[in-house]
Structures are given as C-alpha cells and as structure tokens.
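Source file: final12.pdb (PDB, C-alpha atoms)
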```pdb
ATOM      1  CA  ALA A 205       9.197  15.831  -1.681
ATOM      2  CA  GLN A 206       8.080  13.540   1.079
ATOM      3  CA  SER A 207       9.533  10.671   3.018
ATOM      4  CA  VAL A 208       8.689   8.466   5.959
ATOM      5  CA  THR A 209      10.932   6.652   8.396
ATOM      6  CA  GLN A 210       9.766   3.808  10.561
ATOM      7  CA  LEU A 211      12.228   3.730  13.368
ATOM      8  CA  ASP A 212      11.967   0.031  14.200
ATOM      9  CA  SER A 213      12.004  -2.796  11.709
ATOM     10  CA  HIS A 214      10.827  -5.273  14.352
ATOM     11  CA  VAL A 215       8.932  -4.822  17.616
ATOM     12  CA  SER A 216       8.202  -7.677  19.972
ATOM     13  CA  VAL A 217       5.678  -7.394  22.828
ATOM     14  CA  SER A 218       3.860  -9.714  25.167
ATOM     15  CA  GLU A 219       0.134 -10.191  24.897
ATOM     16  CA  GLY A 220      -1.693  -7.655  27.033
ATOM     17  CA  THR A 221       1.147  -5.099  27.052
ATOM     18  CA  PRO A 222       1.152  -1.761  25.206
ATOM     19  CA  VAL A 223       2.230  -1.398  21.600
ATOM     20  CA  LEU A 224       4.235   1.540  20.245
ATOM     21  CA  LEU A 225       5.249   1.679  16.591
ATOM     22  CA  ARG A 226       7.225   4.776  15.707
ATOM     23  CA  CYS A 227       7.031   6.823  12.537
ATOM     24  CA  ASN A 228       8.620  10.101  11.483
ATOM     25  CA  TYR A 229       7.728  11.888   8.287
ATOM     26  CA  SER A 230       8.941  14.649   6.071
ATOM     27  CA  SER A 231       6.706  16.569   3.696
ATOM     28  CA  SER A 232       6.805  19.866   1.859
ATOM     29  CA  TYR A 233       3.055  20.165   2.241
ATOM     30  CA  SER A 234       0.482  19.633   4.932
ATOM     31  CA  PRO A 235       0.563  15.872   4.909
ATOM     32  CA  SER A 236      -2.059  13.201   4.992
ATOM     33  CA  LEU A 237      -0.777  10.320   7.072
ATOM     34  CA  PHE A 238      -1.937   6.741   7.191
ATOM     35  CA  TRP A 239      -1.197   3.515   8.987
ATOM     36  CA  TYR A 240      -1.843   0.291   7.109
ATOM     37  CA  VAL A 241      -1.547  -3.261   8.429
ATOM     38  CA  GLN A 242      -0.606  -6.312   6.409
ATOM     39  CA  HIS A 243      -1.238  -9.763   7.812
ATOM     40  CA  PRO A 244       0.772 -12.638   6.319
ATOM     41  CA  ASN A 245      -0.169 -13.302   2.703
ATOM     42  CA  LYS A 246      -2.889 -10.658   2.823
ATOM     43  CA  GLY A 247      -3.403  -7.240   1.301
ATOM     44  CA  LEU A 248      -2.978  -3.953   3.102
ATOM     45  CA  GLN A 249      -5.794  -2.849   5.361
ATOM     46  CA  LEU A 250      -6.267   0.736   6.482
ATOM     47  CA  LEU A 251      -5.968   1.157  10.252
ATOM     48  CA  LEU A 252      -6.409   4.912  10.452
ATOM     49  CA  LYS A 253      -5.667   8.188   8.710
ATOM     50  CA  TYR A 254      -4.900  11.775   9.603
ATOM     51  CA  THR A 255      -6.024  14.598   7.321
ATOM     52  CA  SER A 256      -5.568  17.804   9.340
ATOM     53  CA  ALA A 257      -8.554  17.391  11.616
ATOM     54  CA  ALA A 258      -8.063  16.137  15.190
ATOM     55  CA  THR A 259      -4.439  15.356  15.979
ATOM     56  CA  LEU A 260      -5.375  12.204  17.882
ATOM     57  CA  VAL A 261      -6.768   9.730  15.423
ATOM     58  CA  LYS A 262      -8.626   6.600  16.445
ATOM     59  CA  GLY A 263      -8.598   3.602  14.163
ATOM     60  CA  ILE A 264      -9.865   0.087  14.049
ATOM     61  CA  ASN A 265      -9.051  -2.684  16.521
ATOM     62  CA  GLY A 266      -8.166  -0.288  19.328
ATOM     63  CA  PHE A 267      -5.271   1.423  17.578
ATOM     64  CA  GLU A 268      -4.703   5.150  17.651
ATOM     65  CA  ALA A 269      -2.051   7.569  16.454
ATOM     66  CA  GLU A 270      -1.116  11.100  17.383
ATOM     67  CA  PHE A 271       0.039  13.668  14.860
ATOM     68  CA  LYS A 272       2.776  15.869  16.324
ATOM     69  CA  LYS A 273       3.814  18.539  13.871
ATOM     70  CA  SER A 274       6.626  19.884  16.044
ATOM     71  CA  GLU A 275       8.205  16.434  16.163
ATOM     72  CA  THR A 276       7.135  15.408  12.638
ATOM     73  CA  SER A 277       5.917  12.172  14.143
ATOM     74  CA  PHE A 278       2.865   9.953  13.777
ATOM     75  CA  HIS A 279       3.385   7.087  16.204
ATOM     76  CA  LEU A 280       0.907   4.220  16.393
ATOM     77  CA  THR A 281      -0.189   2.898  19.780
ATOM     78  CA  LYS A 282      -2.472   0.344  21.336
ATOM     79  CA  PRO A 283      -2.978  -0.068  25.085
ATOM     80  CA  SER A 284      -3.052  -3.864  25.108
ATOM     81  CA  ALA A 285      -1.676  -6.152  22.416
ATOM     82  CA  HIS A 286      -3.598  -9.144  21.190
ATOM     83  CA  MET A 287      -2.200 -12.181  19.411
ATOM     84  CA  SER A 288      -4.169 -11.225  16.306
ATOM     85  CA  ASP A 289      -2.227  -7.936  16.098
ATOM     86  CA  ALA A 290       0.859  -9.790  14.901
ATOM     87  CA  ALA A 291       1.465  -8.396  11.419
ATOM     88  CA  GLU A 292       3.502  -5.872   9.475
ATOM     89  CA  TYR A 293       2.572  -2.225   9.869
ATOM     90  CA  PHE A 294       3.259   0.504   7.342
ATOM     91  CA  CYS A 295       3.341   4.228   7.960
ATOM     92  CA  VAL A 296       2.388   6.144   4.826
ATOM     93  CA  VAL A 297       2.529   9.821   3.897
ATOM     94  CA  SER A 298       0.826  11.724   1.110
ATOM     95  CA  GLY A 299       1.694  15.379   0.776
ATOM     96  CA  GLY A 300      -0.342  18.241  -0.503
ATOM     97  CA  SER A 301      -2.299  17.485  -3.651
ATOM     98  CA  ASN A 302      -0.114  14.562  -4.576
ATOM     99  CA  TYR A 303      -1.828  11.238  -5.191
ATOM    100  CA  LYS A 304       1.405   9.390  -4.582
ATOM    101  CA  LEU A 305       1.715   7.527  -1.324
ATOM    102  CA  THR A 306       5.157   7.125   0.155
ATOM    103  CA  PHE A 307       5.449   3.987   2.246
ATOM    104  CA  GLY A 308       7.765   3.331   5.125
ATOM    105  CA  LYS A 309       9.748   0.102   5.089
ATOM    106  CA  GLY A 310       7.404  -1.479   7.586
ATOM    107  CA  THR A 311       7.563  -2.640  11.199
ATOM    108  CA  LEU A 312       7.002  -6.282  11.953
ATOM    109  CA  LEU A 313       5.053  -6.681  15.183
ATOM    110  CA  THR A 314       5.427  -9.944  17.044
ATOM    111  CA  VAL A 315       3.097 -10.703  19.947
ATOM    112  CA  ASN A 316       4.290 -13.309  22.418
ATOM    113  CA  PRO A 317       1.842 -15.321  24.549
TER     114      PRO A 317
ATOM    115  CA  ASP B 281     -18.976  -4.050  -0.910
ATOM    116  CA  ALA B 282     -16.654  -6.860  -1.973
ATOM    117  CA  GLY B 283     -13.616  -4.628  -1.913
ATOM    118  CA  VAL B 284     -10.915  -4.663  -4.560
ATOM    119  CA  ILE B 285     -10.784  -8.010  -6.314
ATOM    120  CA  GLN B 286      -7.632  -9.391  -7.864
ATOM    121  CA  SER B 287      -7.003 -12.534  -9.842
ATOM    122  CA  PRO B 288      -5.250 -14.834  -9.852
ATOM    123  CA  ARG B 289      -4.071 -14.888  -6.238
ATOM    124  CA  HIS B 290      -1.029 -16.930  -7.143
ATOM    125  CA  GLU B 291       0.732 -17.324 -10.464
ATOM    126  CA  VAL B 292       3.715 -19.492 -11.242
ATOM    127  CA  THR B 293       5.163 -19.242 -14.714
ATOM    128  CA  GLU B 294       8.340 -19.820 -16.614
ATOM    129  CA  MET B 295      10.682 -17.167 -17.849
ATOM    130  CA  GLY B 296       9.616 -15.793 -21.201
ATOM    131  CA  GLN B 297       5.930 -16.441 -20.739
ATOM    132  CA  GLU B 298       3.264 -13.759 -20.812
ATOM    133  CA  VAL B 299       1.542 -12.989 -17.511
ATOM    134  CA  THR B 300      -1.715 -11.084 -17.097
ATOM    135  CA  LEU B 301      -2.907  -9.860 -13.723
ATOM    136  CA  ARG B 302      -6.459  -8.634 -13.265
ATOM    137  CA  CYS B 303      -8.148  -6.152 -10.991
ATOM    138  CA  LYS B 304     -11.699  -5.074 -10.286
ATOM    139  CA  PRO B 305     -11.799  -1.840  -8.283
ATOM    140  CA  ILE B 306     -14.444  -0.831  -5.791
ATOM    141  CA  SER B 307     -17.576   0.364  -7.542
ATOM    142  CA  GLY B 308     -17.762   4.165  -7.698
ATOM    143  CA  HIS B 309     -14.042   4.735  -7.313
ATOM    144  CA  ASN B 310     -12.429   6.875  -9.994
ATOM    145  CA  SER B 311      -8.769   6.059  -9.410
ATOM    146  CA  LEU B 312      -6.834   2.836  -9.723
ATOM    147  CA  PHE B 313      -3.255   2.055  -8.773
ATOM    148  CA  TRP B 314      -0.948  -0.885  -9.444
ATOM    149  CA  TYR B 315       1.855  -1.535  -6.948
ATOM    150  CA  ARG B 316       4.648  -4.054  -6.684
ATOM    151  CA  GLN B 317       5.994  -5.293  -3.343
ATOM    152  CA  THR B 318       9.386  -6.926  -2.935
ATOM    153  CA  MET B 319      11.601  -7.477   0.065
ATOM    154  CA  MET B 320      14.353  -5.355  -1.420
ATOM    155  CA  ARG B 321      12.346  -2.361  -2.607
ATOM    156  CA  GLY B 322       9.199  -2.450  -0.512
ATOM    157  CA  LEU B 323       6.015  -1.092  -2.101
ATOM    158  CA  GLU B 324       6.440   0.724  -5.397
ATOM    159  CA  LEU B 325       3.770   2.490  -7.428
ATOM    160  CA  LEU B 326       3.805   1.200 -10.987
ATOM    161  CA  ILE B 327       0.960   3.112 -12.613
ATOM    162  CA  TYR B 328      -1.961   5.353 -11.723
ATOM    163  CA  PHE B 329      -5.241   5.644 -13.657
ATOM    164  CA  ASN B 330      -7.839   8.344 -13.154
ATOM    165  CA  ASN B 331     -11.216   7.880 -14.850
ATOM    166  CA  ASN B 332      -9.697   5.011 -16.840
ATOM    167  CA  VAL B 333      -6.898   7.183 -18.246
ATOM    168  CA  PRO B 334      -3.246   6.473 -17.362
ATOM    169  CA  ILE B 335      -1.946   9.547 -15.574
ATOM    170  CA  ASP B 336       1.410   8.430 -14.246
ATOM    171  CA  ASP B 337       3.279   5.375 -15.518
ATOM    172  CA  SER B 338       6.705   6.522 -14.414
ATOM    173  CA  GLY B 339       7.003   3.541 -12.113
ATOM    174  CA  MET B 340       6.566   0.938 -14.826
ATOM    175  CA  PRO B 341       9.920  -0.835 -14.890
ATOM    176  CA  GLU B 342      10.369  -1.234 -18.627
ATOM    177  CA  ASP B 343       8.606  -1.919 -21.887
ATOM    178  CA  ARG B 344       7.879  -5.480 -20.867
ATOM    179  CA  PHE B 345       5.216  -4.100 -18.540
ATOM    180  CA  SER B 346       1.930  -2.688 -19.781
ATOM    181  CA  ALA B 347      -1.346  -1.796 -18.101
ATOM    182  CA  LYS B 348      -4.809  -1.075 -19.403
ATOM    183  CA  MET B 349      -8.105   0.055 -17.986
ATOM    184  CA  PRO B 350     -10.769  -0.446 -20.657
ATOM    185  CA  ASN B 351     -13.608   0.545 -18.328
ATOM    186  CA  ALA B 352     -14.261   1.696 -14.787
ATOM    187  CA  SER B 353     -14.590  -1.814 -13.410
ATOM    188  CA  PHE B 354     -11.584  -3.612 -14.846
ATOM    189  CA  SER B 355      -7.850  -3.255 -15.248
ATOM    190  CA  THR B 356      -5.023  -5.516 -16.338
ATOM    191  CA  LEU B 357      -1.287  -5.518 -15.791
ATOM    192  CA  LYS B 358       0.625  -7.525 -18.354
ATOM    193  CA  ILE B 359       4.230  -8.665 -18.349
ATOM    194  CA  GLN B 360       5.610  -9.951 -21.622
ATOM    195  CA  PRO B 361       8.071 -11.617 -21.568
ATOM    196  CA  SER B 362       8.338 -12.356 -17.874
ATOM    197  CA  GLU B 363      11.693 -12.668 -16.092
ATOM    198  CA  PRO B 364      12.658 -14.131 -12.700
ATOM    199  CA  ARG B 365      13.310 -10.637 -11.332
ATOM    200  CA  ASP B 366       9.618  -9.856 -11.851
ATOM    201  CA  SER B 367       8.764 -12.234  -9.025
ATOM    202  CA  ALA B 368       6.898 -10.176  -6.445
ATOM    203  CA  VAL B 369       3.478  -9.502  -4.998
ATOM    204  CA  TYR B 370       1.441  -7.173  -7.192
ATOM    205  CA  PHE B 371      -1.290  -5.126  -5.561
ATOM    206  CA  CYS B 372      -4.124  -3.213  -7.086
ATOM    207  CA  ALA B 373      -5.689  -0.368  -5.109
ATOM    208  CA  SER B 374      -8.592   1.950  -5.787
ATOM    209  CA  SER B 375      -9.728   5.265  -4.431
ATOM    210  CA  PHE B 376     -12.157   8.078  -4.981
ATOM    211  CA  LEU B 377     -10.176  11.262  -5.462
ATOM    212  CA  ALA B 378     -12.590  14.122  -4.981
ATOM    213  CA  GLY B 379      -9.941  16.661  -5.907
ATOM    214  CA  GLY B 380      -9.703  15.501  -9.504
ATOM    215  CA  LEU B 381      -6.441  14.100 -10.812
ATOM    216  CA  TYR B 382      -4.348  15.194  -7.883
ATOM    217  CA  GLY B 383      -6.417  14.785  -4.782
ATOM    218  CA  THR B 384      -5.485  12.562  -1.897
ATOM    219  CA  ASP B 385      -7.732  10.043  -0.283
ATOM    220  CA  THR B 386      -7.633   6.603   1.180
ATOM    221  CA  GLN B 387      -6.504   3.857  -1.133
ATOM    222  CA  TYR B 388      -8.130   0.465  -0.657
ATOM    223  CA  PHE B 389      -5.932  -2.474  -1.511
ATOM    224  CA  GLY B 390      -6.788  -5.822  -2.989
ATOM    225  CA  PRO B 391      -5.358  -9.079  -1.606
ATOM    226  CA  GLY B 392      -2.547  -9.113  -4.161
ATOM    227  CA  THR B 393      -1.230 -11.560  -6.728
ATOM    228  CA  ARG B 394       1.905 -13.449  -5.779
ATOM    229  CA  LEU B 395       3.882 -13.941  -8.985
ATOM    230  CA  THR B 396       6.724 -16.418  -9.243
ATOM    231  CA  VAL B 397       8.736 -16.550 -12.442
ATOM    232  CA  LEU B 398      10.982 -19.599 -12.701
TER     233      LEU B 398
END
```

Written form, structure tokens:
Amino acid sequence: AQSVTQLDSHVSVSEGTPVLLRCNYSSSYSPSLFWYVQHPNKGLQLLLKYTSAATLVKGINGFEAEFKKSETSFHLTKPSAHMSDAAEYFCVVSGGSNYKLTFGKGTLLTVNP
Amino acid sequence: DAGVIQSPRHEVTEMGQEVTLRCKPISGHNSLFWYRQTMMRGLELLIYFNNNVPIDDSGMPEDRFSAKMPNASFSTLKIQPSEPRDSAVYFCASSFLAGGLYGTDTQYFGPGTRLTVL
C-alpha cells in the first residue's frame, strides 16, 4: 500500500522569495516519487522524479526535491519564485513494481508581485 | 514529439447522451492510462492498458463507462448514458513500461477533456 500527504493545500509567496512545498509519503516498497505541475486548464507536466539514484533531484524551471528516507519526505523547493510558477503542484508516489500512481491532493501555489 | 493528444478539449452534453473521448498516446509508448479529476476526489485512475490490452479496469465507475484501445495509437473512453455526476476533467496519459505489465516509469499526460453534463 502507498499513500502521499501534501501538508499544505495552499502556499502563497512573493515573487523572488523561496518556495517550499511539502510532501510526505508512505510505501511498502522502495518508492518512485514524482512532482507534477498543473497550470490552470492545462494537463499535468512532469517537474522531476526520484527513482533511487541521487537523493537530490533537479527538475525543470529551477525546481528541485530531496528524498529523505528517514523522514519519508520529498519536499519541493525553488530558490526564487516567478509569477509563472503559480499553479497547482502534485506529489505522486509509485511503489515497487506497481504501475499505479497515487496522487496527493495538490498544493496551490500563489505568487504575489 | 507532439505529446499525448486528446479530443475534444471541451464537451458539453445533456444527460442521457453518449459521450466519446479520444486519446492518441506518444508514439512508442506501450502503456495508456485514463484518469478522471474532480474537486471532490482528485485524480483517479479509471483504466490501464498495456500493449493495447486492458490490464486494470477496477477504477471504471460502472457499466456506463467503457474504454477501448484498438491499436497502439488510439484509445477511446465512452460514457453511455452520461449523467451530471460524470462532469469532470478526463486525462489520458501514456508511458513506456520497460518492466512489462508492472513496471513503473514516468507517465506523460495529455491536456485533458473537460466534460460537462447538463
């Protein structure tokens, strides 16, 4: 069984300030972890993924995430927010040899000018 | 690559009508997924195809829903008859699962079809 919890349903930051979106997971297997972004009325776009290689994963648009097994966390960060980052972000877990993705409920990121 | 293509992007229909959603996966991918997204339930997997064969349809809500994949480049999701509670955004995603039926790899999502049933 696997599950994912996004700790904040809404995060608001000012442009140019750091972004932190928090995610905790649970999995019976060595998990694959993903972050997807969904802009309004758009599909989901892959930001980055972790598959048991380096624990610090770099993604597109300056985002990165760190896999911490001891904390069962996979938080998403970005040093400096841009207006175009405003979107909904989903943390996703896939465990073991299971094709099923389990999605978090999403975190809505608002970026204020 | 054009990515996953879905049509139509928007569909408005009346209760009781048949609705057909279409998906063209990324060329070379061997797995295709249909999802439904609603505010209440988030993203739910409806059905999973591997090499055009339905592997897991446990997420299909009821008999009103059916999905087909006649070839590697096309899939349909049909709702007949449609009901207002079917209103949602339906996503198609594709992937190449190197581990056979049960591997795990990145799923690439289409732009979705926003369905409104009046």

Sorted per-residue table, chain B near chain A, closest atoms and distance, 12 Å, only C-alpha atoms, as JSON lines:
```
{"residue": "B:Gly283", "atom": "CA", "partner": "A:Gln249", "partner_atom": "CA", "distance": 10.8}
{"residue": "B:Val284", "atom": "CA", "partner": "A:Gly247", "partner_atom": "CA", "distance": 9.9}
{"residue": "B:Ile285", "atom": "CA", "partner": "A:Gly247", "partner_atom": "CA", "distance": 10.6}
{"residue": "B:Gln286", "atom": "CA", "partner": "A:Gly247", "partner_atom": "CA", "distance": 10.3}
{"residue": "B:Arg289", "atom": "CA", "partner": "A:Asn245", "partner_atom": "CA", "distance": 9.9}
{"residue": "B:His290", "atom": "CA", "partner": "A:Asn245", "partner_atom": "CA", "distance": 10.5}
{"residue": "B:Ser311", "atom": "CA", "partner": "A:Tyr303", "partner_atom": "CA", "distance": 9.6}
{"residue": "B:Leu312", "atom": "CA", "partner": "A:Tyr303", "partner_atom": "CA", "distance": 10.8}
{"residue": "B:Phe313", "atom": "CA", "partner": "A:Lys304", "partner_atom": "CA", "distance": 9.6}
{"residue": "B:Trp314", "atom": "CA", "partner": "A:Lys304", "partner_atom": "CA", "distance": 11.6}
{"residue": "B:Tyr315", "atom": "CA", "partner": "A:Leu305", "partner_atom": "CA", "distance": 10.7}
{"residue": "B:Arg316", "atom": "CA", "partner": "A:Gly247", "partner_atom": "CA", "distance": 11.8}
{"residue": "B:Gln317", "atom": "CA", "partner": "A:Gly247", "partner_atom": "CA", "distance": 10.7}
{"residue": "B:Thr318", "atom": "CA", "partner": "A:Lys309", "partner_atom": "CA", "distance": 10.7}
{"residue": "B:Met319", "atom": "CA", "partner": "A:Lys309", "partner_atom": "CA", "distance": 9.3}
{"residue": "B:Met320", "atom": "CA", "partner": "A:Lys309", "partner_atom": "CA", "distance": 9.7}
{"residue": "B:Arg321", "atom": "CA", "partner": "A:Lys309", "partner_atom": "CA", "distance": 8.5}
{"residue": "B:Gly322", "atom": "CA", "partner": "A:Lys309", "partner_atom": "CA", "distance": 6.2}
{"residue": "B:Leu323", "atom": "CA", "partner": "A:Phe307", "partner_atom": "CA", "distance": 6.7}
{"residue": "B:Glu324", "atom": "CA", "partner": "A:Phe307", "partner_atom": "CA", "distance": 8.4}
{"residue": "B:Leu325", "atom": "CA", "partner": "A:Lys304", "partner_atom": "CA", "distance": 7.8}
{"residue": "B:Leu326", "atom": "CA", "partner": "A:Lys304", "partner_atom": "CA", "distance": 10.7}
{"residue": "B:Ile327", "atom": "CA", "partner": "A:Lys304", "partner_atom": "CA", "distance": 10.2}
{"residue": "B:Tyr328", "atom": "CA", "partner": "A:Tyr303", "partner_atom": "CA", "distance": 8.8}
{"residue": "B:Phe329", "atom": "CA", "partner": "A:Tyr303", "partner_atom": "CA", "distance": 10.7}
{"residue": "B:Asn330", "atom": "CA", "partner": "A:Tyr303", "partner_atom": "CA", "distance": 10.4}
{"residue": "B:Ile335", "atom": "CA", "partner": "A:Tyr303", "partner_atom": "CA", "distance": 10.5}
{"residue": "B:Asp336", "atom": "CA", "partner": "A:Lys304", "partner_atom": "CA", "distance": 9.7}
{"residue": "B:Asp337", "atom": "CA", "partner": "A:Lys304", "partner_atom": "CA", "distance": 11.8}
{"residue": "B:Ser338", "atom": "CA", "partner": "A:Lys304", "partner_atom": "CA", "distance": 11.5}
{"residue": "B:Gly339", "atom": "CA", "partner": "A:Lys304", "partner_atom": "CA", "distance": 11.1}
{"residue": "B:Ala368", "atom": "CA", "partner": "A:Asn245", "partner_atom": "CA", "distance": 12.0}
{"residue": "B:Val369", "atom": "CA", "partner": "A:Asn245", "partner_atom": "CA", "distance": 9.3}
{"residue": "B:Tyr370", "atom": "CA", "partner": "A:Gly247", "partner_atom": "CA", "distance": 9.8}
{"residue": "B:Phe371", "atom": "CA", "partner": "A:Gly247", "partner_atom": "CA", "distance": 7.5}
{"residue": "B:Cys372", "atom": "CA", "partner": "A:Gly247", "partner_atom": "CA", "distance": 9.3}
{"residue": "B:Ala373", "atom": "CA", "partner": "A:Leu248", "partner_atom": "CA", "distance": 9.4}
{"residue": "B:Ser374", "atom": "CA", "partner": "A:Tyr303", "partner_atom": "CA", "distance": 11.5}
{"residue": "B:Ser375", "atom": "CA", "partner": "A:Tyr303", "partner_atom": "CA", "distance": 9.9}
{"residue": "B:Phe376", "atom": "CA", "partner": "A:Tyr303", "partner_atom": "CA", "distance": 10.8}
{"residue": "B:Leu377", "atom": "CA", "partner": "A:Tyr303", "partner_atom": "CA", "distance": 8.4}
{"residue": "B:Ala378", "atom": "CA", "partner": "A:Ser301", "partner_atom": "CA", "distance": 10.9}
{"residue": "B:Gly379", "atom": "CA", "partner": "A:Ser301", "partner_atom": "CA", "distance": 8.0}
{"residue": "B:Gly380", "atom": "CA", "partner": "A:Ser301", "partner_atom": "CA", "distance": 9.6}
{"residue": "B:Leu381", "atom": "CA", "partner": "A:Tyr303", "partner_atom": "CA", "distance": 7.8}
{"residue": "B:Tyr382", "atom": "CA", "partner": "A:Ser301", "partner_atom": "CA", "distance": 5.2}
{"residue": "B:Gly383", "atom": "CA", "partner": "A:Ser301", "partner_atom": "CA", "distance": 5.1}
{"residue": "B:Thr384", "atom": "CA", "partner": "A:Tyr303", "partner_atom": "CA", "distance": 5.1}
{"residue": "B:Asp385", "atom": "CA", "partner": "A:Tyr303", "partner_atom": "CA", "distance": 7.8}
{"residue": "B:Thr386", "atom": "CA", "partner": "A:Lys253", "partner_atom": "CA", "distance": 7.9}
{"residue": "B:Gln387", "atom": "CA", "partner": "A:Leu250", "partner_atom": "CA", "distance": 8.2}
{"residue": "B:Tyr388", "atom": "CA", "partner": "A:Gln249", "partner_atom": "CA", "distance": 7.3}
{"residue": "B:Phe389", "atom": "CA", "partner": "A:Leu248", "partner_atom": "CA", "distance": 5.7}
{"residue": "B:Gly390", "atom": "CA", "partner": "A:Gly247", "partner_atom": "CA", "distance": 5.6}
{"residue": "B:Pro391", "atom": "CA", "partner": "A:Gly247", "partner_atom": "CA", "distance": 4.0}
{"residue": "B:Gly392", "atom": "CA", "partner": "A:Gly247", "partner_atom": "CA", "distance": 5.8}
{"residue": "B:Thr393", "atom": "CA", "partner": "A:Gly247", "partner_atom": "CA", "distance": 9.4}
{"residue": "B:Arg394", "atom": "CA", "partner": "A:Asn245", "partner_atom": "CA", "distance": 8.7}
```

request  = Might you pull out every residue within 9 Å of Met287 (chain A), with all atoms listed in the file counted and same-chain residues fewer than 3 positions away left off, and present them as a list in words?
outcome  = Ser218, Glu219, Gly220, Ala290, Thr314, Val315, Asn316 and Pro317 of chain A

key: Nearest to Gly308 (chain B) by atom-to-atom distance, counting only C-alpha atoms, from B:Thr396, B:Pro334, B:Pro364, B:Asn351   = B:Asn351

query = Do you know which residues are at most 12 Å from Asp343 (chain B) counting only C-alpha atoms, after dropping those on the same chain fewer than 3 positions away, and could you put them as a list in words?
reply =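 In the requested format, the answer is Asp337, Ser338, Gly339, Met340, Ser346, Ala347, Lys358, Ile359, Gln360, Pro361 and Ser362 of chain B.
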
inquiry  = Running the PyMOL selection byres ((chain A and resi 283) around 9) on this model by hand, what would come out? Give it as a list in words.
reply    =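 Evaluating the PyMOL selection byres ((chain A and resi 283) around 9) on these coordinates yields Gly220, Thr221, Pro222, Val223, Leu224, Gly266, Phe267, Thr281, Lys282, Ser284 and Ala285 of chain A.
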
task = Between CA of Trp239 (chain A) and CA of Ala205 (chain A), measure the distance and give it in Å to one decimal.
result = 19.3 Å

query = In terms of the shortest atom-to-atom distance over all atoms listed in the file, which of B:Ala282, B:Leu398, B:Ile306, B:Met349 is closest to Glu363 (chain B)?
reply = B:Leu398

query = Rounded to one decimal in Å, what is the spacing between CA of Tyr293 (chain A) and CA of Leu260 (chain A)?
reply =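 Separation between CA of Tyr293 (chain A) and CA of Leu260 (chain A): 18.3 Å.
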